[in-house]
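One structure is given here, and the rest of the page talks about it.
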Amino acid sequence: MKKQIILFILLSLLFFVCDVEKEKKNNDNLTKNKTNIEKNIKEKNPLNISIKINENINHTIGDDIEINIDVENISINDSVFLFINNIKKKVLKKDNLDYVWNSSKAKTGTNIIKVIFKTKKSEFKAVREIILLSDIKPEMYSYKIKKTFKHDRAAYTQGFFYDKGFLYEATGLKGESTVRKVKLETGEVIQSFAISREVFGEGITQFDDKIVQLSWQAGIGFVYDFNSFKLIDEFSYSGEGWGIAYGEDKLFMTNGTNEIKILEKQSFSVIDKLEVYDDKAEVRYLNELEYIDGAIYSNIYQSEKIAKIDPTTGKVIAYIDLKRILQANDYKSDTDVLNGIAYDNKNKRLFVTGKKWPKVFEIELIKK
């Protein structure tokens, strides 16, 4: 019996040692394979793109950007394809891998430089980004109040536009969000309805016979019949919704960043975007929008400024400073920020208001 026990113990030890050796061998093989994979990855992409950038200088639209491309093991028959913002600029060869890009026709913000290296057997890619500031110094405007109208002090204004003697307004806050038609001269609400209590209403705009409204964080847009205010369609989008405007047969939409999305008006799909910059930095917190005579006007949230923006490039053309337009004696504890731009295109009248403001102002812009 003792012999059997001893034999069992010896066999068990033998199997244990074998398992340990087997596991060690497997681990060695995994380490070796991992090393080979990493080595192959390093050897697989011989392409490296570098751009000469002085880190102490901000690049501006119009600058000549020198692009230097470094490719290992390139032969005389290999090709290097250079793309800037998805447009092919040049096919480069072994003896000339440098390119100077004149950025005068670029947009402000992020510009994508992509290089594709092709051999007979393989293809490799490298991508870099460069930020460009606007090449124009924004004009500065102040204002003159031409006329003052009544405004519902309880209206937390999120969207605003004018049509044929009436202001159309969207108000926000969950449980308080509405869309309303307001008589300009008296401030009387002619037509109104409340949207779902779960939705925080945001900007509105008009096109054709429709009103389009955004929501803040629900990711849902609403389309109403212009005359009846009846809901006729919905659409979805990613991220937050802040302001929206219609112009050039497109919709322009903000989300609280420096980005303006451009939407196709039938499908509401994103077809392009702008990154808004002035000559010094990005312009964040773009909010309620209005399209006026070929430019986008945007409230800058938590400020008393409106930015006038080029809808093609994203450049800030001008700033309108509305400091102290609402006098101190008009403020109450819940009076909030400037937000609301409407324009009477026929009579060239510009109106502004704010969240829970008692007044709407017709203003004239005065160049400083």
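We label chains A, B, ... in the order they appear in the structure tokens, count residues from 1 in each chain, and number ligands from 1 in the order shown.
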_Give me, as a PyMOL selection string, all polymer residues having an atom no more than 9 Å from Thr254 of chain A, counting only C-alpha atoms and skipping those fewer than 5 positions away in the same chain._
chain A and resi 240-244+259-261+285-289
Restricted to C-alpha atoms, what would the selected residues look like written as a PDB file, in the first residue's frame?
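Output contents, as saved in again.pdb:
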ATOM      1  CA  GLU A 240     -26.055  68.688 -28.497  1.00  0.00           C
ATOM      2  CA  GLY A 241     -28.326  71.079 -30.395  1.00  0.00           C
ATOM      3  CA  TRP A 242     -28.071  74.842 -29.711  1.00  0.00           C
ATOM      4  CA  GLY A 243     -28.845  77.204 -32.590  1.00  0.00           C
ATOM      5  CA  ILE A 244     -30.079  76.737 -36.146  1.00  0.00           C
ATOM      6  CA  GLU A 259     -18.283  74.138 -34.779  1.00  0.00           C
ATOM      7  CA  ILE A 260     -21.121  74.904 -37.190  1.00  0.00           C
ATOM      8  CA  LYS A 261     -22.578  71.827 -38.865  1.00  0.00           C
ATOM      9  CA  TYR A 285     -19.965  78.680 -27.310  1.00  0.00           C
ATOM     10  CA  LEU A 286     -21.667  79.587 -30.585  1.00  0.00           C
ATOM     11  CA  ASN A 287     -25.369  79.662 -29.781  1.00  0.00           C
ATOM     12  CA  GLU A 288     -28.511  81.114 -31.406  1.00  0.00           C
ATOM     13  CA  LEU A 289     -28.083  81.791 -35.131  1.00  0.00           C
TER      14      LEU A 289
END
*Which polymer residues have any atom within 8 Å of an atom of Val115 of chain A, counting only C-alpha atoms, with same-chain residues fewer than 2 positions away left out, as a VMD selection string?*
chain A and resid 49 80 to 83 113 117 125 to 127
Could you write out that same residue set with C-alpha atoms as a CSV table (one decimal), in the first residue's frame?
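What follows is the written file again-v3.csv:
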chain,number,residue,atom,x,y,z
A,49,ILE,CA,5.2,62.6,-42.6
A,80,VAL,CA,3.9,59.1,-52.9
A,81,PHE,CA,0.4,60.7,-53.3
A,82,LEU,CA,-0.2,63.9,-51.4
A,83,PHE,CA,-3.8,64.9,-50.4
A,113,ILE,CA,-2.7,66.4,-44.7
A,117,PHE,CA,2.9,55.6,-50.3
A,125,LYS,CA,-0.8,55.9,-45.2
A,126,ALA,CA,0.1,58.7,-42.8
A,127,VAL,CA,-2.1,61.6,-41.7
Contacts of Asn299 of chain A at 8 Å or less, counting only C-alpha atoms, minus same-chain residues fewer than 2 places along, as a PDB file with N, CA and C atoms, in the first residue's frame?
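around.pdb, freshly written:
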ATOM      1  N   LEU A 286     -20.756  79.032 -29.583  1.00  0.00           N
ATOM      2  CA  LEU A 286     -21.667  79.587 -30.585  1.00  0.00           C
ATOM      3  C   LEU A 286     -23.077  79.094 -30.272  1.00  0.00           C
ATOM      4  N   ASN A 287     -24.044  80.002 -30.286  1.00  0.00           N
ATOM      5  CA  ASN A 287     -25.369  79.662 -29.781  1.00  0.00           C
ATOM      6  C   ASN A 287     -26.437  79.974 -30.835  1.00  0.00           C
ATOM      7  N   GLU A 288     -27.389  80.809 -30.509  1.00  0.00           N
ATOM      8  CA  GLU A 288     -28.511  81.114 -31.406  1.00  0.00           C
ATOM      9  C   GLU A 288     -28.003  81.765 -32.694  1.00  0.00           C
ATOM     10  N   LEU A 289     -28.582  81.361 -33.827  1.00  0.00           N
ATOM     11  CA  LEU A 289     -28.083  81.791 -35.131  1.00  0.00           C
ATOM     12  C   LEU A 289     -29.139  82.535 -35.937  1.00  0.00           C
ATOM     13  N   TYR A 297     -24.883  85.128 -38.274  1.00  0.00           N
ATOM     14  CA  TYR A 297     -24.736  85.878 -37.028  1.00  0.00           C
ATOM     15  C   TYR A 297     -25.002  84.913 -35.877  1.00  0.00           C
ATOM     16  N   TYR A 301     -22.491  82.448 -26.265  1.00  0.00           N
ATOM     17  CA  TYR A 301     -23.132  82.176 -24.972  1.00  0.00           C
ATOM     18  C   TYR A 301     -22.314  82.742 -23.810  1.00  0.00           C
ATOM     19  N   SER A 303     -21.910  85.794 -23.098  1.00  0.00           N
ATOM     20  CA  SER A 303     -21.238  87.053 -23.416  1.00  0.00           C
ATOM     21  C   SER A 303     -22.269  88.029 -23.964  1.00  0.00           C
ATOM     22  N   GLU A 304     -21.857  89.272 -24.140  1.00  0.00           N
ATOM     23  CA  GLU A 304     -22.718  90.292 -24.729  1.00  0.00           C
ATOM     24  C   GLU A 304     -22.300  90.586 -26.160  1.00  0.00           C
ATOM     25  N   LYS A 305     -21.715  89.563 -26.818  1.00  0.00           N
ATOM     26  CA  LYS A 305     -21.214  89.724 -28.178  1.00  0.00           C
ATOM     27  C   LYS A 305     -21.956  88.830 -29.155  1.00  0.00           C
ATOM     28  N   ILE A 306     -22.049  89.332 -30.383  1.00  0.00           N
ATOM     29  CA  ILE A 306     -22.506  88.544 -31.525  1.00  0.00           C
ATOM     30  C   ILE A 306     -21.348  88.475 -32.514  1.00  0.00           C
ATOM     31  N   ALA A 307     -21.098  87.270 -33.040  1.00  0.00           N
ATOM     32  CA  ALA A 307     -20.064  87.089 -34.059  1.00  0.00           C
ATOM     33  C   ALA A 307     -20.724  87.024 -35.433  1.00  0.00           C
ATOM     34  N   LEU A 338     -27.901  87.432 -22.981  1.00  0.00           N
ATOM     35  CA  LEU A 338     -28.263  87.795 -24.349  1.00  0.00           C
ATOM     36  C   LEU A 338     -28.416  86.530 -25.183  1.00  0.00           C
ATOM     37  N   ASN A 339     -29.538  86.380 -25.884  1.00  0.00           N
ATOM     38  CA  ASN A 339     -29.728  85.240 -26.777  1.00  0.00           C
ATOM     39  C   ASN A 339     -30.979  85.462 -27.616  1.00  0.00           C
ATOM     40  N   GLY A 340     -30.801  85.690 -28.888  1.00  0.00           N
ATOM     41  CA  GLY A 340     -31.935  85.896 -29.775  1.00  0.00           C
ATOM     42  C   GLY A 340     -31.619  86.951 -30.820  1.00  0.00           C
ATOM     43  N   ILE A 341     -31.548  86.520 -32.089  1.00  0.00           N
ATOM     44  CA  ILE A 341     -31.287  87.431 -33.203  1.00  0.00           C
ATOM     45  C   ILE A 341     -32.348  87.179 -34.262  1.00  0.00           C
TER      46      ILE A 341
END
*For Asp344 of chain A: contacts at 10 Å, only C-alpha atoms, fewer than 6 positions along chain excluded, given as a PyMOL selection string*: chain A and resi 161-167+292+350-351
Keeping only N, CA and C atoms, write the selected residues as a PDB file, in the first residue's frame.
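Here's the written file selection_1.pdb:
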ATOM      1  N   PHE A 161     -36.810  84.243 -34.828  1.00  0.00           N
ATOM      2  CA  PHE A 161     -36.756  84.769 -36.197  1.00  0.00           C
ATOM      3  C   PHE A 161     -38.000  85.619 -36.455  1.00  0.00           C
ATOM      4  N   TYR A 162     -37.947  86.390 -37.539  1.00  0.00           N
ATOM      5  CA  TYR A 162     -39.015  87.359 -37.868  1.00  0.00           C
ATOM      6  C   TYR A 162     -39.655  86.973 -39.196  1.00  0.00           C
ATOM      7  N   ASP A 163     -40.976  87.155 -39.289  1.00  0.00           N
ATOM      8  CA  ASP A 163     -41.662  86.972 -40.563  1.00  0.00           C
ATOM      9  C   ASP A 163     -42.954  87.785 -40.577  1.00  0.00           C
ATOM     10  N   LYS A 164     -43.033  88.733 -41.495  1.00  0.00           N
ATOM     11  CA  LYS A 164     -44.262  89.484 -41.793  1.00  0.00           C
ATOM     12  C   LYS A 164     -44.963  90.045 -40.553  1.00  0.00           C
ATOM     13  N   GLY A 165     -44.218  90.773 -39.754  1.00  0.00           N
ATOM     14  CA  GLY A 165     -44.811  91.463 -38.611  1.00  0.00           C
ATOM     15  C   GLY A 165     -44.841  90.663 -37.327  1.00  0.00           C
ATOM     16  N   PHE A 166     -44.350  89.424 -37.379  1.00  0.00           N
ATOM     17  CA  PHE A 166     -44.377  88.581 -36.184  1.00  0.00           C
ATOM     18  C   PHE A 166     -42.980  88.041 -35.866  1.00  0.00           C
ATOM     19  N   LEU A 167     -42.729  87.891 -34.585  1.00  0.00           N
ATOM     20  CA  LEU A 167     -41.544  87.192 -34.116  1.00  0.00           C
ATOM     21  C   LEU A 167     -41.941  85.759 -33.795  1.00  0.00           C
ATOM     22  N   ILE A 292     -28.039  86.392 -42.299  1.00  0.00           N
ATOM     23  CA  ILE A 292     -28.382  87.747 -42.734  1.00  0.00           C
ATOM     24  C   ILE A 292     -27.462  88.183 -43.874  1.00  0.00           C
ATOM     25  N   LEU A 350     -32.936  94.795 -37.647  1.00  0.00           N
ATOM     26  CA  LEU A 350     -32.279  93.780 -36.832  1.00  0.00           C
ATOM     27  C   LEU A 350     -32.811  93.857 -35.403  1.00  0.00           C
ATOM     28  N   PHE A 351     -33.247  92.714 -34.864  1.00  0.00           N
ATOM     29  CA  PHE A 351     -33.807  92.643 -33.516  1.00  0.00           C
ATOM     30  C   PHE A 351     -32.970  91.695 -32.655  1.00  0.00           C
TER      31      PHE A 351
END
*Residues near segment 318-330 of chain A, cut-off 8 Å, only C-alpha atoms, skip fewer than 4 positions along chain, as a count of residues only*: 15
*Compare A:Lys280, A:Ile61, A:Leu132, A:Ala170 by their minimum atom-to-atom distance to Lys105 of chain A, counting only C-alpha atoms, and give me the closest one.*
A:Ile61
*Option closest in space to Lys88 of chain A, from A:Ile116, A:Leu173, A:Ile366, A:Val360 [counting only C-alpha atoms]*: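 Of all the options, A:Ile116 lies closest to Lys88 of chain A.
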_Let me make sure I understand: among A:Asn58, A:Thr148, A:Asn255, A:Asn345, which one has the smallest atom-to-atom distance to Lys273 of chain A if we use only C-alpha atoms?_
A:Asn255
*atom CA of Lys355 of chain A to atom CA of Phe193 of chain A: how many Å, to one decimal?*
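Atom-to-atom, atom CA of Lys355 of chain A to atom CA of Phe193 of chain A, that is 18.4 Å.
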_Show me, as a ChimeraX atom specification, the residues that have an atom within 9 Å of Thr205 of chain A when counting only C-alpha atoms, minus same-chain residues fewer than 4 positions from it._
/A:159-161,168,210-213,243-246,251,289-290
Output file for the selection above: N, CA and C atoms, as an mmCIF file, in the first residue's frame:
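New file out-v8.cif:
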data_model
loop_
_atom_site.group_PDB
_atom_site.id
_atom_site.type_symbol
_atom_site.label_atom_id
_atom_site.label_comp_id
_atom_site.auth_asym_id
_atom_site.auth_seq_id
_atom_site.Cartn_x
_atom_site.Cartn_y
_atom_site.Cartn_z
ATOM 1 N N GLY A 159 -34.567 80.297 -29.488
ATOM 2 C CA GLY A 159 -34.574 80.505 -30.931
ATOM 3 C C GLY A 159 -35.439 81.701 -31.266
ATOM 4 N N PHE A 160 -35.139 82.363 -32.420
ATOM 5 C CA PHE A 160 -35.771 83.650 -32.695
ATOM 6 C C PHE A 160 -35.692 83.913 -34.191
ATOM 7 N N PHE A 161 -36.810 84.243 -34.828
ATOM 8 C CA PHE A 161 -36.756 84.769 -36.197
ATOM 9 C C PHE A 161 -38.000 85.619 -36.455
ATOM 10 N N TYR A 168 -41.115 84.822 -34.214
ATOM 11 C CA TYR A 168 -41.314 83.415 -33.879
ATOM 12 C C TYR A 168 -40.208 83.033 -32.901
ATOM 13 N N LYS A 210 -42.023 75.486 -43.446
ATOM 14 C CA LYS A 210 -41.737 74.682 -42.259
ATOM 15 C C LYS A 210 -41.005 75.503 -41.191
ATOM 16 N N ILE A 211 -41.137 75.046 -39.953
ATOM 17 C CA ILE A 211 -40.295 75.512 -38.852
ATOM 18 C C ILE A 211 -39.517 74.311 -38.343
ATOM 19 N N VAL A 212 -38.213 74.471 -38.197
ATOM 20 C CA VAL A 212 -37.362 73.405 -37.672
ATOM 21 C C VAL A 212 -36.862 73.813 -36.300
ATOM 22 N N GLN A 213 -36.946 72.885 -35.357
ATOM 23 C CA GLN A 213 -36.505 73.154 -33.987
ATOM 24 C C GLN A 213 -35.540 72.067 -33.521
ATOM 25 N N GLY A 243 -28.176 76.269 -31.679
ATOM 26 C CA GLY A 243 -28.845 77.204 -32.590
ATOM 27 C C GLY A 243 -28.956 76.640 -33.990
ATOM 28 N N ILE A 244 -29.911 77.183 -34.759
ATOM 29 C CA ILE A 244 -30.079 76.737 -36.146
ATOM 30 C C ILE A 244 -30.561 77.912 -36.994
ATOM 31 N N ALA A 245 -30.085 77.973 -38.233
ATOM 32 C CA ALA A 245 -30.486 79.030 -39.169
ATOM 33 C C ALA A 245 -30.508 78.448 -40.574
ATOM 34 N N TYR A 246 -31.236 79.124 -41.453
ATOM 35 C CA TYR A 246 -31.372 78.674 -42.837
ATOM 36 C C TYR A 246 -30.849 79.739 -43.782
ATOM 37 N N LEU A 251 -29.041 74.298 -43.984
ATOM 38 C CA LEU A 251 -29.246 74.599 -42.573
ATOM 39 C C LEU A 251 -27.895 74.653 -41.878
ATOM 40 N N LEU A 289 -28.582 81.361 -33.827
ATOM 41 C CA LEU A 289 -28.083 81.791 -35.131
ATOM 42 C C LEU A 289 -29.139 82.535 -35.937
ATOM 43 N N GLU A 290 -28.649 83.389 -36.846
ATOM 44 C CA GLU A 290 -29.502 84.026 -37.857
ATOM 45 C C GLU A 290 -28.648 84.216 -39.113
#
*Counting only C-alpha atoms, what is within 7 Å of Ser192 of chain A, bar same-chain residues fewer than 4 positions away, as number ranges by chain?*
A: 178-181
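Remark: for Ala106 of chain A, the closest of the candidate residues A:Ser75, A:Ser267, A:Ser228, A:Thr60 is A:Thr60 (distances computed over only C-alpha atoms).
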